[in-house]
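Engineer: Got target.txt for you, compact mmCIF, C-alpha atoms:
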# COMPACT_ATOMS: atom_id res chain seq x y z
CA MET I 1 -79.89 44.61 -106.34
CA SER I 2 -81.00 47.37 -104.04
CA LEU I 3 -79.23 45.73 -101.16
CA LEU I 4 -75.98 45.52 -103.10
CA SER I 5 -76.09 49.17 -104.12
CA ALA I 6 -76.84 50.16 -100.56
CA LEU I 7 -73.92 48.21 -99.31
CA ALA I 8 -71.71 49.78 -101.91
CA ARG I 9 -72.78 53.19 -100.81
CA LEU I 10 -72.13 52.35 -97.21
CA SER I 11 -68.66 51.12 -97.98
CA LEU I 12 -67.91 54.29 -99.91
CA GLN I 13 -68.97 56.33 -96.92
CA SER I 14 -67.19 54.21 -94.37
CA ASN I 15 -63.91 54.42 -96.29
CA SER I 16 -63.23 57.93 -95.26
CA VAL I 17 -64.73 57.41 -91.81
CA ALA I 18 -62.71 54.27 -91.06
CA ALA I 19 -59.45 55.93 -92.05
CA ARG I 20 -60.03 58.60 -89.49
CA PHE I 21 -61.44 56.76 -86.45
CA LEU I 22 -60.37 53.14 -86.60
CA HIS I 23 -56.86 52.21 -85.50
CA THR I 24 -55.39 48.76 -85.88
CA SER I 25 -52.33 47.34 -84.25
CA PRO I 26 -50.46 44.06 -84.72
CA VAL I 27 -51.69 41.11 -82.73
CA LEU I 28 -49.69 40.42 -79.65
CA CYS I 29 -49.68 36.73 -78.91
CA ALA I 30 -48.10 37.06 -75.59
CA GLU I 31 -48.53 34.93 -72.58
CA PRO I 32 -47.00 34.94 -69.16
CA LEU I 33 -43.50 33.40 -68.91
CA LYS I 34 -43.19 29.86 -67.69
CA LYS I 35 -41.90 29.56 -64.24
CA LYS I 36 -38.31 28.30 -64.19
CA LYS I 37 -37.96 24.98 -62.51
CA LYS I 38 -35.55 25.30 -59.73
CA LEU I 39 -33.28 22.30 -59.73
CA ASP I 40 -31.54 20.96 -56.77
CA PRO I 41 -27.87 22.07 -57.00
CA GLN I 42 -26.86 18.61 -55.91
CA ILE I 43 -28.59 17.02 -58.90
CA ILE I 44 -26.88 19.49 -61.24
CA LYS I 45 -23.56 18.58 -59.74
CA GLN I 46 -24.34 14.91 -60.15
CA ARG I 47 -25.16 15.38 -63.79
CA GLU I 48 -21.97 17.27 -64.46
CA ASP I 49 -19.96 14.61 -62.74
CA ARG I 50 -21.58 11.94 -64.82
CA LYS I 51 -20.70 13.80 -68.02
CA LYS I 52 -17.13 14.27 -66.84
CA LYS I 53 -16.80 10.62 -66.00
CA LYS I 54 -18.09 9.60 -69.38
CA ILE I 55 -15.53 11.72 -71.20
CA GLU I 56 -12.75 10.56 -68.94
CA LYS I 57 -13.66 7.00 -69.65
CA GLN I 58 -13.52 7.62 -73.37
CA ILE I 59 -10.12 9.29 -73.06
CA ARG I 60 -8.82 6.38 -71.04
CA ARG I 61 -10.00 3.94 -73.65
CA LEU I 62 -8.35 5.92 -76.44
CA GLU I 63 -5.10 6.12 -74.52
CA LYS I 64 -5.12 2.42 -74.00
CA ASN I 65 -5.64 1.84 -77.72
CA ALA I 66 -2.97 4.35 -78.63
CA ARG I 67 -0.34 2.13 -77.17
CA GLN I 68 -1.78 -0.89 -78.93
CA LEU I 69 -0.64 -0.91 -82.54
CA LYS I 70 -2.34 -2.60 -85.41
CA PRO I 71 -0.39 -5.81 -85.92
CA VAL I 72 1.44 -6.31 -89.19
CA GLU I 73 0.97 -9.98 -89.83
CA GLU I 74 3.76 -10.23 -92.34
CA LEU I 75 6.29 -9.07 -89.79
CA GLU I 76 5.42 -11.67 -87.23
CA VAL I 77 6.85 -15.10 -87.55
CA PRO I 78 4.08 -17.63 -86.93
CA LEU I 79 4.62 -19.48 -83.68
CA ASP I 80 4.50 -22.95 -85.18
CA LEU I 81 7.35 -22.03 -87.51
CA ILE I 82 9.46 -21.00 -84.55
CA ASP I 83 8.53 -24.17 -82.72
CA ASN I 84 9.47 -26.66 -85.41
CA LYS I 85 12.44 -24.81 -86.83
CA ALA I 86 14.77 -27.66 -85.95
CA GLN I 87 12.54 -30.02 -87.86
CA ARG I 88 12.70 -27.83 -90.93
CA GLU I 89 16.46 -27.54 -91.18
CA ARG I 90 18.06 -29.42 -94.03
CA LYS I 91 20.68 -31.98 -93.19
CA LEU I 92 23.17 -31.40 -95.95
CA THR I 93 26.67 -32.69 -96.14
CA PRO I 94 29.13 -29.82 -95.70
CA LEU I 95 30.72 -28.59 -98.88
CA SER I 96 34.12 -29.87 -99.78
CA ALA I 97 37.07 -27.50 -100.04
CA GLU I 98 37.21 -28.21 -103.74
CA GLU I 99 33.58 -27.18 -104.19
CA LEU I 100 34.11 -24.01 -102.17
CA GLU I 101 37.15 -23.13 -104.24
CA GLN I 102 35.20 -23.67 -107.43
CA ARG I 103 32.39 -21.44 -106.22
CA ALA I 104 34.78 -18.66 -105.25
CA LEU I 105 36.37 -18.84 -108.66
CA LEU I 106 33.02 -18.69 -110.38
CA LYS I 107 32.06 -15.65 -108.34
CA LYS I 108 35.26 -13.88 -109.33
CA GLN I 109 34.67 -14.73 -112.94
CA TRP I 110 31.14 -13.39 -112.64
CA ALA I 111 32.32 -10.11 -111.11
CA GLN I 112 34.76 -9.68 -113.97
CA TYR I 113 32.05 -10.41 -116.51
CA LYS I 114 29.59 -7.94 -114.97
CA HIS I 115 32.28 -5.30 -114.81
CA GLU I 116 33.01 -5.68 -118.48
CA GLN I 117 29.31 -5.49 -119.24
CA LYS I 118 28.98 -2.29 -117.24
CA VAL I 119 31.93 -0.67 -118.97
CA ALA I 120 30.47 -1.61 -122.35
CA ASP I 121 27.17 -0.04 -121.29
CA PHE I 122 28.86 3.20 -120.34
CA GLN I 123 30.67 3.24 -123.65
CA ILE I 124 27.37 2.83 -125.50
CA ILE I 125 25.84 5.69 -123.54
CA ASP I 126 28.85 7.91 -124.32
CA ARG I 127 28.59 7.06 -127.98
CA LEU I 128 24.88 7.86 -128.09
CA VAL I 129 25.32 11.18 -126.32
CA GLN I 130 28.17 12.11 -128.62
CA SER I 131 26.10 11.22 -131.68
CA GLN I 132 23.18 13.30 -130.47
CA ASN I 133 25.39 16.28 -129.66
CA LYS I 134 26.89 16.17 -133.10
CA ALA I 135 23.44 16.03 -134.73
CA LEU I 136 22.27 18.99 -132.68
CA GLU I 137 25.42 20.94 -133.50
CA GLU I 138 24.90 20.36 -137.21
CA LEU I 139 21.27 21.32 -136.93
CA ARG I 140 22.22 24.58 -135.21
CA ARG I 141 24.63 25.33 -138.01
CA GLU I 142 21.75 25.00 -140.46
CA SER I 143 19.10 26.91 -138.59
CA GLU I 144 18.77 28.30 -135.07
CA GLU I 145 14.99 27.91 -135.29
CA LEU I 146 15.14 24.20 -136.02
CA TYR I 147 17.67 23.78 -133.24
CA GLN I 148 15.38 25.46 -130.74
CA ALA I 149 12.51 23.23 -131.86
CA ALA I 150 14.73 20.19 -131.44
CA ILE I 151 15.82 20.96 -127.89
CA ALA I 152 12.27 21.77 -126.77
CA ILE I 153 10.88 19.35 -124.21
CA ASP I 154 8.50 16.78 -125.67
CA MET I 155 5.52 16.98 -123.34
CA THR I 156 3.65 14.16 -125.05
CA LEU I 157 6.35 11.59 -124.39
CA LEU I 158 5.49 11.05 -120.74
CA PRO I 159 3.91 9.00 -119.33
CA VAL I 160 5.36 6.20 -121.42
CA SER I 161 4.61 2.53 -120.94
CA VAL I 162 7.23 -0.01 -121.85
CA LYS I 163 6.84 -3.75 -121.61
CA GLY I 164 10.07 -5.49 -120.81
CA PRO I 165 11.37 -8.62 -122.44
CA VAL I 166 9.83 -11.82 -121.09
CA ALA I 167 10.99 -15.42 -120.95
CA THR I 168 8.60 -16.75 -123.58
CA PRO I 169 6.66 -14.71 -126.13
CA PRO I 170 2.99 -14.06 -125.43
CA ILE I 171 0.55 -16.60 -126.88
CA LYS I 172 -1.77 -14.86 -129.30
CA GLY I 173 -5.39 -14.80 -128.17
CA TYR I 174 -4.63 -16.50 -124.88
CA ILE I 175 -7.12 -15.82 -122.13
CA SER I 176 -5.55 -16.25 -118.74
CA PRO I 177 -7.73 -18.37 -116.43
CA ASP I 178 -9.10 -16.46 -113.49
CA GLY I 179 -8.03 -17.78 -110.13
CA ASP I 180 -10.02 -17.64 -106.93
CA TYR I 181 -10.00 -14.47 -104.95
CA ILE I 182 -9.88 -15.02 -101.23
CA HIS I 183 -10.21 -11.89 -99.19
CA GLN I 184 -7.78 -12.23 -96.32
CA THR I 185 -7.39 -8.73 -94.97
CA MET I 186 -8.35 -8.64 -91.32
CA LYS I 187 -10.41 -5.85 -89.86
CA TRP I 188 -9.07 -4.05 -86.84
CA GLU I 189 -11.17 -1.87 -84.63
CA MET A 1 10.08 39.60 -122.53
CA LEU A 2 10.55 42.51 -124.88
CA ARG A 3 14.18 42.71 -123.93
CA ARG A 4 14.61 39.05 -124.61
CA LEU A 5 12.97 39.42 -128.01
CA THR A 6 15.30 42.22 -128.96
CA LEU A 7 18.19 40.17 -127.70
CA ILE A 8 17.18 37.26 -129.87
CA SER A 9 16.63 39.41 -132.92
CA ALA A 10 20.02 41.00 -132.35
CA LYS A 11 21.55 37.54 -132.15
CA GLN A 12 19.85 36.53 -135.35
CA LEU A 13 21.07 39.69 -137.03
CA THR A 14 24.64 39.00 -136.13
CA ARG A 15 24.17 35.41 -137.21
CA SER A 16 22.75 36.33 -140.58
CA GLN A 17 25.53 38.83 -141.04
CA SER A 18 28.15 36.34 -140.16
CA THR A 19 26.64 33.72 -142.45
CA SER A 20 26.17 36.13 -145.31
CA THR A 21 29.72 37.46 -145.18
CA PRO A 22 31.36 34.36 -146.68
CA GLY A 23 29.16 35.05 -149.68
CA ALA A 24 28.70 31.74 -151.41
CA LYS A 25 27.40 29.65 -148.56
CA GLU A 26 26.80 26.08 -149.54
CA LYS A 27 23.17 25.12 -149.49
CA TRP A 28 22.35 21.71 -148.12
CA ASP A 29 19.08 19.82 -148.34
CA LEU A 30 17.73 18.88 -144.94
CA TYR A 31 16.36 15.39 -144.58
CA ALA A 32 14.75 13.64 -141.65
CA GLY A 33 15.51 9.95 -141.25
CA ILE A 34 13.77 7.63 -138.85
CA LEU A 35 15.36 4.76 -137.02
CA VAL A 36 12.37 2.56 -136.31
CA GLU A 37 13.22 -0.22 -133.90
CA ARG A 38 11.27 -3.25 -132.78
CA LEU A 39 12.45 -3.78 -129.22
CA PRO A 40 13.28 -7.29 -128.04
CA VAL A 41 10.22 -9.29 -127.02
CA ILE A 42 11.95 -12.02 -125.07
CA SER A 43 15.01 -12.04 -122.87
CA LYS A 44 18.39 -13.05 -124.20
CA THR A 45 19.40 -16.67 -124.01
CA LEU A 46 21.90 -17.07 -121.19
CA ASN A 47 25.50 -17.65 -122.19
CA PRO A 48 27.43 -20.52 -120.50
CA LEU A 49 28.83 -18.34 -117.73
CA GLU A 50 25.44 -16.82 -116.96
CA ARG A 51 23.84 -20.25 -116.91
CA GLN A 52 26.54 -21.56 -114.57
CA PHE A 53 26.14 -18.65 -112.21
CA GLN A 54 22.39 -18.97 -112.19
CA ASP A 55 22.71 -22.63 -111.23
CA LEU A 56 25.06 -21.68 -108.43
CA LEU A 57 22.66 -19.07 -107.10
CA SER A 58 19.71 -21.44 -107.04
CA GLN A 59 21.87 -24.08 -105.34
CA VAL A 60 22.89 -21.60 -102.62
CA GLU A 61 19.28 -20.56 -102.27
CA TYR A 62 18.28 -24.18 -101.73
CA GLU A 63 21.02 -24.79 -99.19
CA ASN A 64 20.04 -21.77 -97.12
CA SER A 65 16.33 -22.50 -97.18
CA LEU A 66 14.24 -24.31 -94.59
CA LYS A 67 11.90 -27.12 -95.45
CA SER A 68 8.44 -26.10 -96.56
CA ASP A 69 5.13 -27.44 -95.29
CA PHE A 70 4.85 -29.52 -98.40
CA GLU A 71 8.19 -31.22 -97.83
CA LEU A 72 7.30 -31.93 -94.21
CA LYS A 73 4.05 -33.49 -95.32
CA HIS A 74 5.91 -35.66 -97.76
CA GLU A 75 8.23 -36.85 -95.02
CA ARG A 76 5.34 -37.62 -92.73
CA ASP A 77 3.68 -39.59 -95.53
CA LEU A 78 6.80 -41.66 -95.97
CA VAL A 79 6.97 -42.48 -92.27
CA GLN A 80 3.30 -43.42 -92.26
CA LYS A 81 3.77 -45.69 -95.25
CA GLU A 82 6.65 -47.42 -93.53
CA LEU A 83 4.55 -47.98 -90.42
CA ILE A 84 1.68 -49.44 -92.43
CA LYS A 85 4.06 -51.76 -94.17
CA GLN A 86 5.31 -53.05 -90.87
CA GLY A 87 1.72 -53.50 -89.77
CA LYS A 88 2.10 -51.28 -86.74
CA VAL A 89 -0.78 -49.06 -87.78
CA GLN A 90 -4.21 -50.17 -88.82
CA VAL A 91 -5.32 -48.80 -92.16
CA ASP A 92 -8.70 -47.20 -92.21
CA LEU A 93 -9.79 -47.84 -95.77
CA ASP A 94 -12.31 -45.03 -96.04
CA ASP A 95 -9.83 -42.56 -94.66
CA SER A 96 -6.95 -43.56 -96.87
CA MET A 97 -9.10 -43.26 -99.96
CA ALA A 98 -9.85 -39.66 -99.18
CA LYS A 99 -6.34 -38.81 -98.08
CA GLN A 100 -3.98 -37.59 -100.74
CA THR A 101 -0.28 -37.92 -100.15
CA ALA A 102 2.15 -35.17 -101.00
CA GLN A 103 3.47 -37.28 -103.84
CA ASP A 104 -0.02 -37.54 -105.34
CA LEU A 105 -0.43 -33.81 -105.17
CA LYS A 106 2.95 -33.27 -106.76
CA ASP A 107 2.05 -35.58 -109.62
CA ALA A 108 -1.23 -33.77 -110.13
CA TYR A 109 0.52 -30.42 -110.22
CA LYS A 110 3.04 -31.71 -112.74
CA GLU A 111 0.25 -33.06 -114.89
CA GLU A 112 -1.48 -29.69 -114.83
CA LEU A 113 1.72 -27.90 -115.77
CA LYS A 114 2.27 -30.28 -118.65
CA LYS A 115 -1.06 -29.23 -120.12
CA PHE A 116 0.12 -25.66 -120.49
CA GLN A 117 2.29 -25.07 -123.51
CA ALA A 118 4.35 -21.88 -123.48
CA ALA A 119 4.90 -20.29 -126.87
CA PRO A 120 8.22 -21.25 -128.46
CA ARG A 121 11.01 -18.70 -128.42
CA THR A 122 11.47 -18.98 -132.16
CA THR A 123 8.58 -18.29 -134.49
CA ALA A 124 7.40 -19.54 -137.86
CA ASP A 125 8.74 -16.36 -139.42
CA ASP A 126 12.17 -17.23 -138.06
CA ALA A 127 12.09 -20.57 -139.80
CA ALA A 128 10.86 -19.04 -143.07
CA ASN A 129 13.37 -16.18 -142.70
CA LYS A 130 10.62 -13.73 -143.53
CA LEU A 131 12.46 -10.43 -143.41
CA THR A 132 9.34 -8.29 -143.63
CA SER A 133 7.92 -9.66 -140.41
CA THR A 134 8.36 -8.07 -137.00
CA ASP A 135 7.54 -11.43 -135.44
CA ARG A 136 11.03 -12.86 -135.71
CA CYS A 137 14.41 -12.58 -133.99
CA LEU A 138 12.50 -12.00 -130.79
CA GLU A 139 15.69 -11.73 -128.75
CA ASP A 140 17.18 -8.89 -130.76
CA THR A 141 16.28 -5.36 -131.63
CA LEU A 142 15.11 -5.15 -135.23
CA TYR A 143 15.56 -2.05 -137.35
CA LEU A 144 13.43 -1.04 -140.30
CA VAL A 145 15.11 -0.39 -143.63
CA VAL A 146 13.26 0.52 -146.82
CA LYS A 147 14.35 0.70 -150.41
CA GLN A 148 14.40 4.31 -151.53
CA LYS A 149 15.49 6.04 -154.66
CA LEU A 150 18.45 8.28 -153.97
CA GLY A 151 19.62 10.02 -157.08
CA GLU A 152 19.30 7.46 -159.83
CA GLN A 153 19.82 4.28 -157.88
CA GLU A 154 17.76 2.57 -155.27
CA HIS A 155 19.32 1.86 -151.92
CA PHE A 156 18.30 0.28 -148.69
CA VAL A 157 18.24 3.08 -146.13
CA LEU A 158 16.36 4.06 -143.02
CA PRO A 159 13.15 5.78 -144.17
CA GLN A 160 13.98 9.38 -144.96
CA GLY A 161 12.42 12.42 -146.59
CA LEU A 162 13.01 16.05 -147.43
CA ARG A 163 11.95 18.76 -145.01
CA LYS A 164 9.23 21.13 -146.15
CA ASP A 165 9.25 24.81 -145.25
CA GLY A 166 7.73 25.62 -141.90
CA GLU A 167 8.25 22.17 -140.44
CA SER A 168 10.45 21.26 -137.53
CA MET A 169 12.67 18.23 -138.05
CA ARG A 170 10.49 16.15 -135.73
CA GLN A 171 7.37 17.02 -137.73
CA THR A 172 9.19 16.10 -140.90
CA ALA A 173 10.17 12.78 -139.41
CA GLU A 174 6.59 12.01 -138.41
CA ARG A 175 5.22 13.00 -141.80
CA VAL A 176 7.84 11.09 -143.73
CA LEU A 177 7.28 7.95 -141.73
CA SER A 178 3.54 7.96 -142.29
CA GLU A 179 4.04 8.70 -145.99
CA ARG A 180 6.58 5.95 -146.51
CA CYS A 181 5.22 3.28 -144.23
CA GLY A 182 1.50 3.93 -144.03
CA LYS A 183 -0.78 4.73 -141.15
CA ASP A 184 -0.79 1.19 -139.77
CA LEU A 185 2.66 1.50 -138.30
CA GLN A 186 2.25 3.03 -134.87
CA VAL A 187 5.45 4.29 -133.36
CA LEU A 188 6.64 6.19 -130.34
CA PHE A 189 9.15 8.95 -131.08
CA TYR A 190 11.81 9.46 -128.45
CA GLY A 191 11.80 13.23 -128.05
CA ASN A 192 12.28 16.20 -130.33
CA ALA A 193 16.03 15.97 -130.69
CA PRO A 194 17.72 13.99 -133.46
CA VAL A 195 19.90 11.10 -132.28
CA GLY A 196 22.22 10.91 -135.22
CA PHE A 197 23.51 12.66 -138.27
CA HIS A 198 24.77 11.78 -141.72
CA LYS A 199 25.66 13.90 -144.70
CA TYR A 200 26.66 13.18 -148.24
CA LYS A 201 27.32 15.22 -151.33
CA TYR A 202 25.37 14.82 -154.53
CA PRO A 203 27.23 13.84 -157.71
CA SER A 204 28.82 16.93 -159.23
CA LYS A 205 26.29 17.08 -162.07
CA GLN A 206 23.38 17.54 -159.68
CA ARG A 207 24.91 20.22 -157.48
CA SER A 208 23.09 23.07 -159.19
CA GLU A 209 20.80 23.94 -156.29
CA SER A 210 22.25 22.33 -153.27
CA VAL A 211 25.50 20.62 -152.58
CA GLY A 212 24.26 17.59 -150.76
CA ALA A 213 21.98 16.16 -148.15
CA LYS A 214 22.14 16.39 -144.39
CA ILE A 215 20.11 13.71 -142.71
CA PHE A 216 18.98 14.04 -139.11
CA PHE A 217 17.92 10.74 -137.61
CA TYR A 218 15.13 10.32 -135.11
CA ARG A 219 14.69 7.28 -132.92
CA ALA A 220 11.28 5.68 -132.65
CA SER A 221 10.05 2.32 -131.43
CA VAL A 222 7.19 0.31 -132.87
CA ARG A 223 4.08 0.05 -130.75
CA ALA A 224 1.86 -1.84 -133.18
CA GLY A 225 1.33 -2.64 -136.82
CA ASN A 226 3.70 -3.05 -139.71
CA VAL A 227 4.62 -1.23 -142.88
CA ASN A 228 1.59 -1.01 -145.12
CA VAL A 229 1.26 1.22 -148.13
CA GLU A 230 -1.53 0.35 -150.55
CA GLN A 231 -0.50 2.46 -153.51
CA GLN A 232 3.03 1.28 -154.04
CA ALA A 233 4.61 -1.81 -152.64
CA ILE A 234 7.95 -0.58 -151.38
CA PRO A 235 10.47 -3.22 -150.45
CA TYR A 236 11.24 -3.09 -146.75
CA GLU A 237 13.00 -5.32 -144.25
CA TRP A 238 13.32 -5.65 -140.52
CA LEU A 239 16.92 -6.48 -139.70
CA PRO A 240 19.02 -7.06 -136.61
CA LYS A 241 22.16 -5.00 -136.23
CA GLU A 242 24.64 -7.39 -137.85
CA THR A 243 22.63 -7.94 -141.02
CA LEU A 244 21.79 -4.27 -141.18
CA ASN A 245 25.44 -3.32 -141.57
CA LYS A 246 25.86 -5.68 -144.48
CA LYS A 247 22.82 -4.26 -146.23
CA LEU A 248 23.82 -0.63 -146.07
CA ASN A 249 26.33 1.49 -147.89
CA ASN A 250 29.64 1.62 -145.97
CA ALA A 251 29.77 5.33 -145.16
CA TYR A 252 26.10 5.34 -144.32
CA ALA A 253 26.45 2.31 -142.05
CA GLU A 254 29.29 4.01 -140.22
CA SER A 255 27.10 7.01 -139.40
CA ILE A 256 24.21 4.78 -138.40
CA ASN A 257 26.34 2.62 -136.14
CA LYS A 258 27.15 5.60 -133.97
CA PHE A 259 23.68 5.60 -132.51
CA LEU A 260 22.70 1.97 -132.67
CA ILE A 261 22.67 0.24 -129.33
If you convert what's in this file into structure tokens, what do you get?

Structural biologist:
Amino acid sequence: MSLLSALARLSLQSNSVAARFLHTSPVLCAEPLKKKKKLDPQIIKQREDRKKKKIEKQIRRLEKNARQLKPVEELEVPLDLIDNKAQRERKLTPLSAEELEQRALLKKQWAQYKHEQKVADFQIIDRLVQSQNKALEELRRESEELYQAAIAIDMTLLPVSVKGPVATPPIKGYISPDGDYIHQTMKWE
Amino acid sequence: MLRRLTLISAKQLTRSQSTSTPGAKEKWDLYAGILVERLPVISKTLNPLERQFQDLLSQVEYENSLKSDFELKHERDLVQKELIKQGKVQVDLDDSMAKQTAQDLKDAYKEELKKFQAAPRTTADDAANKLTSTDRCLEDTLYLVVKQKLGEQEHFVLPQGLRKDGESMRQTAERVLSERCGKDLQVLFYGNAPVGFHKYKYPSKQRSESVGAKIFFYRASVRAGNVNVEQQAIPYEWLPKETLNKKLNNAYAESINKFLI
């Protein structure tokens, strides 16, 4: 106990003393600088050259590849097809004049038919537009407000998905068999 | 914006003035009608000319084509067979067992195709002439008509209903359709604008409030479902264009025909 109190007294005394006479400063962890290694200028030059060469080589390689395009397989006719083209030609008897005449006539008839179809289509479109214009006109006569609501753009309509007519109707509950998937895409560096 | 507002209000003022000046302006009831169509499911059957031209095109296509690998293989098989027959080539039994000729393959393919049955282009509902089904007349567009009470009589018309205050015509059309045909019928409306118009006057006894009805038709196509109302069974039919005209009142059919395709 006595020792503790004595210590306490000492510390009380030293407080004022220490503030006056003791000075502290931050620790300086300094050491002498390392000596720079002096390199041979020739070695430096060599190193630089090596770097340069490396980059040049890369550039050369890129340039070479730039001229080389990725092949589009679909655009190239396979060589064996070119080779045996003669073998693949059909030996058909030439068409008779009568047959040719008949075909020409059919084509003319077809053109006429398609033309009539097109004209009929345009007439339908005209009729629809006319009908709509009349409806809108009548609506405007009743109320400007309703007319404005009617000509507003319907933002919910798009995107719309429409399935076109098919040759045979879908079979109900039919699960299409999965085929095999063969990955054929080539990889090009 | 403010300027535009004043402009509009000025326009409305002049409008209301101009409409009020004649004094006794006839009041018409506004109705929304809905043309619900079931679009064709399958393509049209080719007519004789179309069929003829299609045959011609495939013939030309064949003439201009080169032989395929399969055809070449078939030819090679034939030559081989001929050689074996003449005894010029020794037949390796094991090999020939494993080897399939092009003809064999073709037969196998045909057999496989035969197993698949495409659905017929006419349905059971076609045969039964079930007019309430959407699963019939797959080649044609079908239109929905319902029996509705107009005045004292019931008529077959496109579903229609009176506009309530505060509704746009499109909203009326949507509401009317779900009221008349139930929630099961899912449709796609083609825009906010009406596609057609029809008006008729009420009998002179009933002209106390309004003179007649103006119907604005909206086009919609069925996505799924059919007419289904639990509370009251309303008679309805899905009809192609020709039968539709016979079913409707003459003047009404004339107005409808203007916007049928």

Engineer: Compute the chain A side of the contact with chain I at 8 Å, counting all atoms listed in the file, and hand it back as a ChimeraX atom specification.

Structural biologist: /A:40-43,49-50,53,56,63,65-68,72,118-121,138,168-170,189-197,216,258-261

Engineer: What is the distance, in Å and to one decimal place, between CA of Tyr252 (chain A) and CA of Asp140 (chain A)?

Structural biologist: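 Going from CA of Tyr252 (chain A) over to CA of Asp140 (chain A) covers 21.6 Å.
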
Engineer: Take CA of Gln112 (chain I) and CA of Ser58 (chain A) and report the distance between them in Å, one decimal.

Structural biologist: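 Interatomic distance, CA of Gln112 (chain I) to CA of Ser58 (chain A): 20.3 Å.
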
Engineer: Can you measure CA of His183 (chain I) to CA of Glu73 (chain I) for me? One decimal in Å is fine.

Structural biologist: 14.7 Å

Engineer: When distances are computed from all atoms listed in the file, which of A:Val145, A:Ile256, A:Val79, A:Val227 shows the smallest separation from Ile215 (chain A)?

Structural biologist: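 Going through A:Val145, A:Ile256, A:Val79, A:Val227 one by one, the smallest distance to Ile215 (chain A) is for A:Ile256.
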